[in-house]
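Structure first, then comments.
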Amino acid sequence: MSDIEKDFGENENEYGPDYVTLQDEDGTEYELEVLGAVEVDGKDYMAFCDADTPDDSEALEIIIFRVEENEDGTLDYVGLEDDDELERVYAAFLDEATGDEDDE
C-alpha cells in the first residue's frame with residue numbers, strides 16, 4: 001500500500017469522506033471528494049468526484065490523477081492523457097471498489 005493510500009484511505013473509514021481543494025493553471029479552485037487511491041505499475045493514482053455531486057446521483061463523474069511528489073514534499077496531481085494508462089488505472093479502481101483483488 002502506498003503512502004498516499006494510507007493517508008487518505010484509512011481516514012475515510014474512520015471519519016467519512018475526505019475532501020481536497022485543487023487549483024488549475026488558471027487559478028480556478030475545485031472542491032473534490034476523494035474516492036480512493038491505488039498503485040499501478042509503481043505509480044500512485046487517486047480518484048475523485050466533484051464534492052457537490054449529490055449522493056443519490058446516478059451519473060457520477062470520476063476524475064483520476066497520477067500523484068507525483070515533488071522534492072519539497074508537495075504533491076502534484078497530473079491528468080492522464082494516455083488512454084492505455086487511464087484504462088489500466090480505471091480497471092484497478094474498479095477491482096478495488098468491487099473487492100476483486102486478493103487481500104493477501
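Residue numbering restarts at 1 in every chain; chains get A, B, ... in the order shown in the C-alpha cells, and ligands count up from 1 in that same order.
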Need to verify the contact set: segment 70-81 of chain A, 10 Å, only C-alpha atoms, exclusion of same-chain residues closer than 4 positions in sequence. Can you return it as a PyMOL selection string? chain A and resi 4+22-24+45-46+63-66+85-87+89
Smallest atom-to-atom distance to Glu61 of chain A: which of A:Arg88, A:Leu32, A:Ala37, A:Asp82, using only C-alpha atoms?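 Going through A:Arg88, A:Leu32, A:Ala37, A:Asp82 one by one, the smallest distance to Glu61 of chain A is for A:Leu32.
In this structure, atom CA of Asp95 of chain A sits 20.1 Å away from atom CA of Glu58 of chain A.
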Excluding Cys49 of chain A and its own-chain neighbours fewer than 6 positions away, which residues fall within 12 Å of it when counting only C-alpha atoms? Please give them as a ChimeraX atom specification. /A:17-22,30-36,55,57,59-65
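Computed from the coordinates, the atom CA of Lys43 of chain A to atom CA of Glu69 of chain A distance equals 10.6 Å.
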Strand (DSSP E) residues, from DSSP on the backbone, in segment 7-77 of chain A, as a ChimeraX atom specification: /A:19-23,29-40,43-50,63-69,75-77
